[in-house]
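Data block for input.cif (mmCIF, C-alpha atoms):
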data_my_file
#
loop_
_atom_site.group_PDB
_atom_site.id
_atom_site.type_symbol
_atom_site.label_atom_id
_atom_site.label_comp_id
_atom_site.auth_asym_id
_atom_site.auth_seq_id
_atom_site.Cartn_x
_atom_site.Cartn_y
_atom_site.Cartn_z
ATOM 1 C CA MET A 23 0.000 0.000 0.000
ATOM 2 C CA ASN A 24 1.401 3.408 -0.960
ATOM 3 C CA ILE A 25 1.158 6.139 1.621
ATOM 4 C CA ASP A 26 1.199 9.615 0.127
ATOM 5 C CA ILE A 27 1.518 12.440 2.666
ATOM 6 C CA LYS A 28 1.666 16.058 1.538
ATOM 7 C CA GLN A 29 1.916 19.192 3.654
ATOM 8 C CA ILE A 30 -0.223 22.068 2.437
ATOM 9 C CA SER A 31 0.039 25.736 3.366
ATOM 10 C CA GLU A 32 -3.543 26.705 2.570
ATOM 11 C CA GLY A 33 -6.908 25.138 1.740
ATOM 12 C CA GLU A 34 -8.922 22.527 3.572
ATOM 13 C CA GLU A 35 -7.126 19.485 4.974
ATOM 14 C CA SER A 36 -8.370 16.264 3.417
ATOM 15 C CA ILE A 37 -7.659 12.538 3.474
ATOM 16 C CA VAL A 38 -8.544 10.291 0.564
ATOM 17 C CA ILE A 39 -8.549 6.544 1.002
ATOM 18 C CA ARG A 40 -8.544 4.395 -2.132
ATOM 19 C CA TYR A 41 -9.043 0.725 -1.565
ATOM 20 C CA ARG A 42 -9.880 -2.448 -3.437
ATOM 21 C CA GLU A 43 -11.302 -4.246 -0.422
ATOM 22 C CA LEU A 44 -12.344 -2.852 2.931
ATOM 23 C CA THR A 45 -10.042 -4.627 5.390
ATOM 24 C CA PRO A 46 -10.275 -4.517 9.215
ATOM 25 C CA THR A 47 -7.211 -2.206 9.280
ATOM 26 C CA LEU A 48 -8.897 0.216 6.895
ATOM 27 C CA ASN A 49 -12.074 0.009 8.940
ATOM 28 C CA ARG A 50 -10.099 0.966 12.025
ATOM 29 C CA ILE A 51 -8.414 3.867 10.231
ATOM 30 C CA ILE A 52 -11.803 5.110 9.010
ATOM 31 C CA GLY A 53 -13.132 4.743 12.534
ATOM 32 C CA ILE A 54 -10.291 6.871 13.937
ATOM 33 C CA LEU A 55 -10.756 9.494 11.210
ATOM 34 C CA ASN A 56 -14.426 9.714 12.054
ATOM 35 C CA ASN A 57 -13.325 10.535 15.580
ATOM 36 C CA GLY A 58 -14.628 7.114 16.293
ATOM 37 C CA ASP A 59 -12.411 5.391 18.766
ATOM 38 C CA ASN A 60 -15.756 4.355 20.125
ATOM 39 C CA LYS A 61 -17.098 3.113 16.791
ATOM 40 C CA LEU A 62 -17.045 -0.241 15.095
ATOM 41 C CA TRP A 63 -17.236 -0.710 11.363
ATOM 42 C CA GLY A 64 -18.849 -3.659 9.677
ATOM 43 C CA LYS A 65 -21.499 -4.793 7.270
ATOM 44 C CA SER A 66 -25.248 -4.865 7.683
ATOM 45 C CA ASP A 67 -27.452 -6.139 4.841
ATOM 46 C CA GLY A 68 -24.411 -6.089 2.540
ATOM 47 C CA GLU A 69 -23.634 -2.424 3.179
ATOM 48 C CA ASN A 70 -20.814 -0.896 5.188
ATOM 49 C CA CYS A 71 -21.969 0.822 8.326
ATOM 50 C CA SER A 72 -20.694 1.947 11.697
ATOM 51 C CA VAL A 73 -21.960 1.244 15.196
ATOM 52 C CA SER A 74 -21.219 3.390 18.197
ATOM 53 C CA LEU A 75 -20.081 1.423 21.236
ATOM 54 C CA ASP A 76 -22.826 3.096 23.272
ATOM 55 C CA GLU A 77 -25.465 1.611 20.972
ATOM 56 C CA ILE A 78 -24.298 -1.979 21.340
ATOM 57 C CA LEU A 79 -26.537 -4.274 23.359
ATOM 58 C CA TYR A 80 -24.371 -7.357 22.937
ATOM 59 C CA LEU A 81 -21.892 -9.115 20.664
ATOM 60 C CA GLU A 82 -22.131 -12.750 19.679
ATOM 61 C CA THR A 83 -20.049 -15.213 17.694
ATOM 62 C CA VAL A 84 -21.955 -17.585 15.448
ATOM 63 C CA ASP A 85 -19.947 -20.098 13.390
ATOM 64 C CA ASP A 86 -16.754 -18.089 14.005
ATOM 65 C CA LYS A 87 -18.407 -14.913 12.718
ATOM 66 C CA LEU A 88 -18.778 -11.935 15.017
ATOM 67 C CA PHE A 89 -22.059 -10.030 15.116
ATOM 68 C CA VAL A 90 -22.940 -6.819 16.931
ATOM 69 C CA TYR A 91 -26.553 -6.361 18.045
ATOM 70 C CA THR A 92 -28.041 -2.952 18.658
ATOM 71 C CA GLY A 93 -31.665 -2.170 19.304
ATOM 72 C CA ASP A 94 -32.530 -2.095 15.593
ATOM 73 C CA LYS A 95 -29.736 -3.693 13.565
ATOM 74 C CA VAL A 96 -27.315 -6.582 13.386
ATOM 75 C CA VAL A 97 -23.845 -5.767 12.066
ATOM 76 C CA ARG A 98 -21.202 -8.282 11.158
ATOM 77 C CA ILE A 99 -17.733 -7.103 12.123
ATOM 78 C CA GLU A 100 -14.255 -8.532 11.734
ATOM 79 C CA GLY A 101 -12.285 -9.922 14.654
ATOM 80 C CA SER A 102 -13.107 -12.024 17.666
ATOM 81 C CA LEU A 103 -14.636 -11.507 21.092
ATOM 82 C CA SER A 104 -11.173 -11.631 22.678
ATOM 83 C CA SER A 105 -9.763 -8.992 20.318
ATOM 84 C CA PHE A 106 -12.806 -6.806 20.981
ATOM 85 C CA MET A 107 -12.344 -7.107 24.750
ATOM 86 C CA SER A 108 -8.640 -6.322 24.524
ATOM 87 C CA GLY A 109 -9.288 -3.294 22.286
ATOM 88 C CA VAL A 110 -12.067 -1.764 24.371
ATOM 89 C CA SER A 111 -11.244 0.100 27.542
ATOM 90 C CA ASP A 112 -14.881 0.469 28.613
ATOM 91 C CA ASP A 113 -15.699 -1.688 31.661
ATOM 92 C CA SER A 114 -19.332 -1.804 30.598
ATOM 93 C CA PHE A 115 -18.570 -4.684 28.244
ATOM 94 C CA PHE A 116 -18.494 -8.029 29.969
ATOM 95 C CA ARG A 117 -17.716 -11.471 28.548
ATOM 96 C CA CYS A 118 -20.749 -13.377 29.824
ATOM 97 C CA SER A 119 -20.244 -16.699 28.061
ATOM 98 C CA LYS A 120 -17.923 -18.392 25.611
ATOM 99 C CA SER A 121 -19.728 -16.790 22.669
ATOM 100 C CA MET A 122 -21.140 -13.513 24.031
ATOM 101 C CA ILE A 123 -20.264 -10.091 25.416
ATOM 102 C CA ILE A 124 -22.947 -7.866 26.922
ATOM 103 C CA ASN A 125 -23.054 -4.141 27.447
ATOM 104 C CA LEU A 126 -24.014 -3.632 31.094
ATOM 105 C CA ASN A 127 -25.309 -0.156 30.349
ATOM 106 C CA HIS A 128 -28.180 -1.712 28.386
ATOM 107 C CA VAL A 129 -29.133 -4.308 30.995
ATOM 108 C CA SER A 130 -32.462 -3.458 32.577
ATOM 109 C CA ALA A 131 -32.678 -6.281 35.143
ATOM 110 C CA LEU A 132 -30.751 -9.206 36.554
ATOM 111 C CA ARG A 133 -32.147 -12.432 37.944
ATOM 112 C CA SER A 134 -30.264 -14.983 39.985
ATOM 113 C CA LEU A 135 -30.818 -18.549 38.756
ATOM 114 C CA SER A 136 -29.973 -21.971 40.108
ATOM 115 C CA SER A 137 -26.430 -23.300 39.738
ATOM 116 C CA ASN A 138 -25.072 -19.775 40.241
ATOM 117 C CA ARG A 139 -26.140 -18.562 36.787
ATOM 118 C CA ILE A 140 -27.521 -15.075 36.153
ATOM 119 C CA ASP A 141 -30.201 -14.073 33.671
ATOM 120 C CA ALA A 142 -29.738 -10.569 32.259
ATOM 121 C CA THR A 143 -32.735 -8.844 30.674
ATOM 122 C CA LEU A 144 -31.721 -6.278 28.077
ATOM 123 C CA GLU A 145 -33.583 -3.068 27.303
ATOM 124 C CA ASN A 146 -35.115 -4.674 24.210
ATOM 125 C CA GLY A 147 -36.504 -7.521 26.320
ATOM 126 C CA GLU A 148 -33.982 -10.161 25.203
ATOM 127 C CA HIS A 149 -32.600 -12.485 27.855
ATOM 128 C CA ILE A 150 -28.901 -13.272 28.016
ATOM 129 C CA MET A 151 -27.555 -16.003 30.254
ATOM 130 C CA ILE A 152 -24.398 -15.280 32.242
ATOM 131 C CA SER A 153 -22.929 -18.731 32.656
ATOM 132 C CA ARG A 154 -21.717 -20.141 35.928
ATOM 133 C CA ARG A 155 -18.110 -19.854 34.756
ATOM 134 C CA PHE A 156 -18.424 -16.096 34.255
ATOM 135 C CA ALA A 157 -20.988 -15.275 36.975
ATOM 136 C CA SER A 158 -18.372 -15.033 39.694
ATOM 137 C CA ASP A 159 -16.343 -12.433 37.722
ATOM 138 C CA PHE A 160 -19.572 -10.613 36.911
ATOM 139 C CA ARG A 161 -20.411 -10.267 40.599
ATOM 140 C CA LYS A 162 -16.875 -9.099 41.313
ATOM 141 C CA LEU A 163 -17.173 -6.464 38.586
ATOM 142 C CA LEU A 164 -20.420 -5.116 40.044
ATOM 143 C CA ARG A 165 -19.190 -5.271 43.630
ATOM 144 C CA GLY A 166 -15.947 -3.564 42.699
ATOM 145 C CA TYR A 167 -17.963 -0.524 41.751
ATOM 146 C CA LYS A 168 -20.032 -0.767 44.894
ATOM 147 C CA GLN A 169 -16.890 -0.706 47.016
ATOM 148 C CA ASP A 170 -15.607 2.400 45.192
ATOM 149 C CA GLU A 171 -18.761 4.225 46.272
ATOM 150 C CA LYS A 172 -18.075 3.670 50.020
ATOM 151 C CA MET B 12 -10.394 -15.279 27.943
ATOM 152 C CA LYS B 13 -7.529 -16.635 29.931
ATOM 153 C CA ASN B 14 -7.440 -20.372 30.414
ATOM 154 C CA ASP B 15 -6.834 -20.047 34.156
ATOM 155 C CA LYS B 16 -10.429 -18.835 34.483
ATOM 156 C CA LYS B 17 -11.715 -22.080 33.018
ATOM 157 C CA LEU B 18 -12.864 -24.560 35.624
ATOM 158 C CA SER B 19 -10.884 -27.759 35.505
ATOM 159 C CA LEU B 20 -12.663 -31.119 35.567
ATOM 160 C CA TRP B 21 -11.378 -31.607 39.092
ATOM 161 C CA GLU B 22 -12.853 -28.267 40.218
ATOM 162 C CA LYS B 23 -16.188 -29.073 38.578
ATOM 163 C CA TYR B 24 -16.237 -32.467 40.264
ATOM 164 C CA LEU B 25 -15.277 -30.955 43.619
ATOM 165 C CA THR B 26 -18.026 -28.313 43.381
ATOM 166 C CA ARG B 27 -20.644 -31.006 42.740
ATOM 167 C CA GLU B 28 -19.224 -33.240 45.434
ATOM 168 C CA ILE B 29 -19.429 -30.444 48.023
ATOM 169 C CA GLY B 30 -23.049 -29.863 46.975
ATOM 170 C CA ILE B 31 -23.829 -33.550 47.459
ATOM 171 C CA GLU B 32 -22.069 -33.584 50.871
ATOM 172 C CA PHE B 33 -24.176 -30.613 51.923
ATOM 173 C CA LYS B 34 -27.391 -32.279 50.761
ATOM 174 C CA ALA B 35 -26.494 -35.541 52.474
ATOM 175 C CA CYS B 36 -25.945 -33.709 55.776
ATOM 176 C CA LEU B 37 -29.119 -31.631 55.408
ATOM 177 C CA TYR B 38 -31.437 -34.579 54.693
ATOM 178 C CA PHE B 39 -29.652 -36.839 57.186
ATOM 179 C CA PHE B 40 -30.387 -34.363 59.976
ATOM 180 C CA ALA B 41 -33.995 -34.035 58.821
ATOM 181 C CA ILE B 42 -34.486 -37.829 58.859
ATOM 182 C CA LEU B 43 -32.559 -38.163 62.123
ATOM 183 C CA PHE B 44 -34.956 -35.703 63.760
ATOM 184 C CA PHE B 45 -37.951 -37.753 62.541
ATOM 185 C CA TYR B 46 -36.265 -40.968 63.719
ATOM 186 C CA CYS B 47 -35.492 -39.511 67.179
ATOM 187 C CA VAL B 48 -39.081 -38.293 67.587
ATOM 188 C CA TYR B 49 -40.319 -41.779 66.642
ATOM 189 C CA ARG B 50 -37.922 -43.456 69.097
ATOM 190 C CA VAL B 51 -38.906 -41.147 71.945
ATOM 191 C CA CYS B 52 -42.633 -41.543 71.181
ATOM 192 C CA SER B 53 -42.260 -45.319 71.170
ATOM 193 C CA GLY B 54 -40.551 -45.261 74.567
ATOM 194 C CA HIS B 55 -36.953 -45.796 73.444
ATOM 195 C CA TYR B 56 -34.274 -43.350 74.463
ATOM 196 C CA ASP B 57 -31.481 -44.792 72.330
ATOM 197 C CA ALA B 58 -30.710 -44.930 68.607
ATOM 198 C CA GLN B 59 -29.228 -47.817 66.689
ATOM 199 C CA ILE B 60 -25.863 -47.061 65.118
ATOM 200 C CA LEU B 61 -26.700 -49.376 62.196
ATOM 201 C CA HIS B 62 -29.785 -47.306 61.438
ATOM 202 C CA LEU B 63 -27.766 -44.084 61.554
ATOM 203 C CA ALA B 64 -25.143 -45.561 59.213
ATOM 204 C CA GLU B 65 -27.882 -46.676 56.811
ATOM 205 C CA MET B 66 -29.444 -43.228 56.927
ATOM 206 C CA ILE B 67 -26.257 -41.336 56.065
ATOM 207 C CA LEU B 68 -25.389 -43.852 53.329
ATOM 208 C CA THR B 69 -28.894 -43.561 51.843
ATOM 209 C CA CYS B 70 -28.676 -39.767 51.966
ATOM 210 C CA TYR B 71 -25.379 -39.865 50.049
ATOM 211 C CA VAL B 72 -26.725 -42.230 47.390
ATOM 212 C CA ILE B 73 -29.897 -40.163 46.985
ATOM 213 C CA GLY B 74 -27.768 -37.004 46.856
ATOM 214 C CA TYR B 75 -26.021 -38.446 43.789
ATOM 215 C CA ILE B 76 -29.363 -39.487 42.237
ATOM 216 C CA GLN B 77 -30.754 -36.017 42.917
ATOM 217 C CA VAL B 78 -27.825 -34.180 41.335
ATOM 218 C CA TYR B 79 -26.984 -36.484 38.422
ATOM 219 C CA LEU B 80 -30.404 -37.883 37.456
ATOM 220 C CA PHE B 81 -32.927 -35.257 38.530
ATOM 221 C CA ALA B 82 -31.050 -32.015 37.810
ATOM 222 C CA ASN B 83 -30.788 -30.957 41.451
ATOM 223 C CA PHE B 84 -34.536 -30.458 41.879
ATOM 224 C CA ASP B 85 -34.496 -28.828 45.320
ATOM 225 C CA GLU B 86 -32.408 -25.953 43.911
ATOM 226 C CA ALA B 87 -34.465 -25.667 40.699
ATOM 227 C CA ASP B 88 -35.851 -22.339 39.482
ATOM 228 C CA LYS B 89 -39.372 -23.772 39.351
ATOM 229 C CA LEU B 90 -41.072 -27.045 40.172
ATOM 230 C CA GLY B 91 -41.896 -28.726 36.857
ATOM 231 C CA GLY B 92 -42.709 -32.311 35.964
ATOM 232 C CA LYS B 93 -39.116 -33.527 36.153
ATOM 233 C CA GLU B 94 -38.578 -31.904 39.543
ATOM 234 C CA ILE B 95 -41.787 -33.341 41.004
ATOM 235 C CA ALA B 96 -40.883 -36.786 39.609
ATOM 236 C CA GLY B 97 -37.492 -36.453 41.308
ATOM 237 C CA ILE B 98 -39.085 -35.544 44.643
ATOM 238 C CA ILE B 99 -41.459 -38.530 44.458
ATOM 239 C CA VAL B 100 -38.776 -41.033 43.380
ATOM 240 C CA CYS B 101 -36.320 -39.930 46.089
ATOM 241 C CA THR B 102 -39.058 -39.966 48.762
ATOM 242 C CA CYS B 103 -40.055 -43.496 47.685
ATOM 243 C CA ILE B 104 -36.431 -44.689 47.900
ATOM 244 C CA TYR B 105 -36.111 -43.248 51.426
ATOM 245 C CA CYS B 106 -39.357 -44.959 52.456
ATOM 246 C CA LEU B 107 -38.359 -48.327 50.978
ATOM 247 C CA VAL B 108 -34.940 -48.226 52.637
ATOM 248 C CA SER B 109 -36.497 -47.203 55.968
ATOM 249 C CA TYR B 110 -39.048 -50.029 55.687
ATOM 250 C CA PHE B 111 -36.593 -52.785 54.760
ATOM 251 C CA GLY B 112 -33.900 -51.349 57.044
ATOM 252 C CA ASN B 113 -36.432 -51.590 59.884
ATOM 253 C CA TRP B 114 -35.874 -47.988 60.993
ATOM 254 C CA PHE B 115 -39.467 -47.666 62.162
ATOM 255 C CA ASP B 116 -40.163 -51.311 63.047
ATOM 256 C CA LYS B 117 -41.873 -51.782 59.627
ATOM 257 C CA ASN B 118 -44.702 -49.589 60.859
ATOM 258 C CA ILE B 119 -46.635 -48.570 57.700
ATOM 259 C CA PRO B 120 -48.333 -45.398 59.090
ATOM 260 C CA VAL B 121 -44.982 -44.122 60.397
ATOM 261 C CA THR B 122 -43.347 -44.854 57.007
ATOM 262 C CA GLU B 123 -46.176 -42.910 55.348
ATOM 263 C CA GLY B 124 -45.546 -40.134 57.866
ATOM 264 C CA LEU B 125 -41.881 -40.151 56.811
ATOM 265 C CA ALA B 126 -42.966 -39.813 53.169
ATOM 266 C CA ALA B 127 -45.163 -36.795 53.995
ATOM 267 C CA TYR B 128 -42.396 -35.302 56.158
ATOM 268 C CA LEU B 129 -39.833 -35.671 53.350
ATOM 269 C CA LEU B 130 -42.176 -34.133 50.776
ATOM 270 C CA VAL B 131 -42.650 -31.119 53.053
ATOM 271 C CA THR B 132 -38.887 -30.958 53.694
ATOM 272 C CA TYR B 133 -38.099 -30.983 49.966
ATOM 273 C CA PHE B 134 -40.679 -28.259 49.350
ATOM 274 C CA CYS B 135 -39.305 -26.137 52.213
ATOM 275 C CA VAL B 136 -35.727 -26.523 50.908
ATOM 276 C CA PHE B 137 -36.973 -25.478 47.449
ATOM 277 C CA LEU B 138 -38.638 -22.373 48.987
ATOM 278 C CA ILE B 139 -35.519 -21.521 50.982
ATOM 279 C CA TYR B 140 -33.302 -21.639 47.880
ATOM 280 C CA ARG B 141 -35.870 -19.565 45.963
ATOM 281 C CA SER B 142 -35.968 -16.925 48.727
ATOM 282 C CA LYS B 143 -32.179 -16.838 48.739
ATOM 283 C CA ARG B 144 -32.169 -16.185 44.988
ATOM 284 C CA ARG B 145 -34.773 -13.410 45.334
ATOM 285 C CA ILE B 146 -32.630 -11.646 47.925
ATOM 286 C CA ASP B 147 -29.689 -12.123 45.568
ATOM 287 C CA ASP B 148 -31.795 -10.579 42.730
ATOM 288 C CA LYS B 149 -32.337 -7.428 44.774
ATOM 289 C CA GLN B 150 -28.653 -7.131 45.607
ATOM 290 C CA LEU B 151 -27.577 -7.743 41.990
ATOM 291 C CA ASN B 152 -29.994 -5.122 40.641
ATOM 292 C CA GLU B 153 -28.920 -2.599 43.240
ATOM 293 C CA GLU B 154 -25.281 -3.182 42.274
ATOM 294 C CA LEU B 155 -26.171 -2.938 38.582
ATOM 295 C CA ARG B 156 -27.842 0.467 39.077
ATOM 296 C CA LEU B 157 -24.792 1.669 40.975
ATOM 297 C CA PHE B 158 -22.537 0.444 38.162
ATOM 298 C CA GLN B 159 -24.672 2.202 35.541
ATOM 299 C CA THR B 160 -24.726 5.406 37.580
ATOM 300 C CA LYS B 161 -20.935 5.327 37.689
ATOM 301 C CA HIS B 162 -20.980 5.081 33.906
ATOM 302 C CA LYS B 163 -23.604 7.846 33.708
ATOM 303 C CA LYS B 164 -25.937 5.628 31.715
ATOM 304 C CA VAL B 165 -28.815 5.233 34.098
ATOM 305 C CA PRO B 166 -31.841 3.885 32.201
ATOM 306 C CA ASP B 167 -35.010 5.951 32.261
ATOM 307 C CA GLU B 168 -37.255 5.542 35.259
ATOM 308 C CA GLY B 169 -39.832 2.898 34.735
ATOM 309 C CA LYS B 170 -37.729 0.824 32.380
#
As structure tokens, please, write out the structure in this file.
Amino acid sequence: MNIDIKQISEGEESIVIRYRELTPTLNRIIGILNNGDNKLWGKSDGENCSVSLDEILYLETVDDKLFVYTGDKVVRIEGSLSSFMSGVSDDSFFRCSKSMIINLNHVSALRSLSSNRIDATLENGEHIMISRRFASDFRKLLRGYKQDEK
Amino acid sequence: MKNDKKLSLWEKYLTREIGIEFKACLYFFAILFFYCVYRVCSGHYDAQILHLAEMILTCYVIGYIQVYLFANFDEADKLGGKEIAGIIVCTCIYCLVSYFGNWFDKNIPVTEGLAAYLLVTYFCVFLIYRSKRRIDDKQLNEELRLFQTKHKKVPDEGK
């Protein structure tokens, strides 16, 4: 890939990206240029689109493909749940099972279930199960914030 | 996710085993109380060690049946068909062992009383676990609200 950088003394600053295929790296660059450190780029219904992190209800992997769910759309993005977690500094995202991450800011209610599992009801009414393996860390995350308050 | 967070087979086994130990102790003490009341009412002020050994052994075996065959029915979220079947099967096993083990001198009405007592005990244990979860619900939701407030994303009232 050629990188052509020119300094200009007058006129509007501009960046032109010419690509053959929209790769994850390009998506990230576009995200940064859009002042979107908190944006993800992907495809929904065959079209490129962006999703703000605040909008995300949860992320799920299905057949090794990663999908982002908001209240009204499903966007397929590149990467994995682990890479998403390592790239996001927001504590609101929690790995709640092997194949899912939920955004705690969009959880409307929690219900304790048998075998130390937790049922999370999202704002859109969907139920997400926090498995036994992750429930303990989930409680620690919530309690950590409670202790900060004291 | 780091692998050290994954429960090993040994840890999973140990967790279940501790649960079964707890159940065995709980139901052993419940049956022991019934047995002691029966002994006192029938004019005996001693207990047979063989009966006690049979009781604790039966409680262990039924603990395994309860956890591995009937999906831990006393800790279930709701009492469905499978859970009720589990309660009835386990109660029947206790009654058969008590009858053939001569815990209550093969007295049929007392054995029936044991069956009723165990059914009530199972139901009470189910209610206790359910109450515990409801208290846990309140605490979890309170902590969730606090977490969301910290992130300045408190949902609208009424949601």
Check: Evaluating the PyMOL selection byres ((chain A and resi 151-168) around 10) on the displayed file yields which residues, as a ChimeraX atom specification?
Finding: /A:113-114,116-120,122-124,126,132-143,149-150,169-172 /B:16-18,150-161
Notebook entry, point to check: What lies within 10 Å of Phe106 in chain A using only C-alpha atoms, ignoring chain neighbours under 3 positions off, as a ChimeraX atom specification?
Noted result: /A:62,81,88,100-103,109-111,115,123
Using the chain letters and numbers from the file, give me the residues hit by the PyMOL selection byres ((chain B and resi 84) around 8), as a compact mmCIF listing (two decimals) with C-alpha atoms, in the frame of the given file.
# COMPACT_ATOMS: atom_id res chain seq x y z
CA GLN B 77 -30.75 -36.02 42.92
CA VAL B 78 -27.82 -34.18 41.34
CA PHE B 81 -32.93 -35.26 38.53
CA ALA B 82 -31.05 -32.02 37.81
CA ASN B 83 -30.79 -30.96 41.45
CA ASP B 85 -34.50 -28.83 45.32
CA GLU B 86 -32.41 -25.95 43.91
CA ALA B 87 -34.47 -25.67 40.70
CA LEU B 90 -41.07 -27.04 40.17
CA LYS B 93 -39.12 -33.53 36.15
CA GLU B 94 -38.58 -31.90 39.54
CA ILE B 95 -41.79 -33.34 41.00
CA GLY B 97 -37.49 -36.45 41.31
CA ILE B 98 -39.08 -35.54 44.64
CA PHE B 137 -36.97 -25.48 47.45
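Between CA of Tyr91 in chain A and CA of Leu79 in chain A the interatomic distance comes to 5.7 Å.
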Next item on the list: Grab the CA of Gly91 in chain B to CA of Leu138 in chain B distance for me, in Å with one decimal place.
Entry: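 If I compute the distance from CA of Gly91 in chain B to CA of Leu138 in chain B, I get 14.1 Å.
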Note to self: Please list as an MDAnalysis selection string every residue within 6 Å of Gly64 in chain A, counting all atoms listed in the file and excluding residues in the same chain fewer than 2 positions away.
What the structure shows: chainID A and resid 70:71 97:99
Next item on the list: Let me know the residues the PyMOL selection byres ((chain A and resi 94) around 12) catches in the file above, as a PyMOL selection string.
Entry: chain A and resi 66+73+77-79+90-93+95-97+145-146
Margin query: List the spatial neighbours of Ile27 in chain A as a list of chain:residue names - criterion: any atom at most 12 Å away, all atoms listed in the file, same-chain residues fewer than 5 positions off excluded.
Written below: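 Counting all atoms listed in the file, the residues come to A:Glu35, A:Ser36, A:Ile37, A:Val38, A:Ile39.
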Output the selection as a PDB file, keeping the file's coordinate frame - C-alpha atoms for each residue.
ATOM      1  CA  GLU A  35      -7.126  19.485   4.974  1.00  0.00           C
ATOM      2  CA  SER A  36      -8.370  16.264   3.417  1.00  0.00           C
ATOM      3  CA  ILE A  37      -7.659  12.538   3.474  1.00  0.00           C
ATOM      4  CA  VAL A  38      -8.544  10.291   0.564  1.00  0.00           C
ATOM      5  CA  ILE A  39      -8.549   6.544   1.002  1.00  0.00           C
TER       6      ILE A  39
END
Compile the contact shell of range 117-123 of chain B as a PDB file with C-alpha atoms, in the frame of the given file: residues with an atom at most 10 Å away, counting all atoms listed in the file, same-chain residues fewer than 2 positions apart removed.
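Generated file (around.pdb):
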ATOM      1  CA  PHE B  45     -37.951 -37.753  62.541  1.00  0.00           C
ATOM      2  CA  TYR B  46     -36.265 -40.968  63.719  1.00  0.00           C
ATOM      3  CA  TYR B  49     -40.319 -41.779  66.642  1.00  0.00           C
ATOM      4  CA  CYS B 103     -40.055 -43.496  47.685  1.00  0.00           C
ATOM      5  CA  TYR B 105     -36.111 -43.248  51.426  1.00  0.00           C
ATOM      6  CA  CYS B 106     -39.357 -44.959  52.456  1.00  0.00           C
ATOM      7  CA  LEU B 107     -38.359 -48.327  50.978  1.00  0.00           C
ATOM      8  CA  SER B 109     -36.497 -47.203  55.968  1.00  0.00           C
ATOM      9  CA  TYR B 110     -39.048 -50.029  55.687  1.00  0.00           C
ATOM     10  CA  PHE B 111     -36.593 -52.785  54.760  1.00  0.00           C
ATOM     11  CA  GLY B 112     -33.900 -51.349  57.044  1.00  0.00           C
ATOM     12  CA  ASN B 113     -36.432 -51.590  59.884  1.00  0.00           C
ATOM     13  CA  TRP B 114     -35.874 -47.988  60.993  1.00  0.00           C
ATOM     14  CA  PHE B 115     -39.467 -47.666  62.162  1.00  0.00           C
ATOM     15  CA  LEU B 125     -41.881 -40.151  56.811  1.00  0.00           C
ATOM     16  CA  ALA B 126     -42.966 -39.813  53.169  1.00  0.00           C
ATOM     17  CA  ALA B 127     -45.163 -36.795  53.995  1.00  0.00           C
ATOM     18  CA  TYR B 128     -42.396 -35.302  56.158  1.00  0.00           C
ATOM     19  CA  LEU B 129     -39.833 -35.671  53.350  1.00  0.00           C
TER      20      LEU B 129
END
Check: Separation of CA of Ala64 in chain B and CA of Ala41 in chain B, in Å?
Finding: 14.5 Å
Item checked: Close residues, Phe39 in chain B itself excluded, 7 Å, all atoms listed in the file, min 4 positions apart in chain, as JSON, numbers by chain -> {"B": [35, 43, 66, 67, 70]}
Listed atoms of range 75-79 of chain A boxed axis-aligned with 8 Å per side, centre + edges as AutoDock Vina command-line options:
--center_x -23.3 --center_y -0.6 --center_z 22.2 --size_x 22.5 --size_y 23.4 --size_z 18.4
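Of the listed residues A:Asn60, A:Ser121, A:Leu48, A:Glu32, the one whose atoms come nearest to Val84 in chain A is A:Ser121, with distances taken using all atoms listed in the file.
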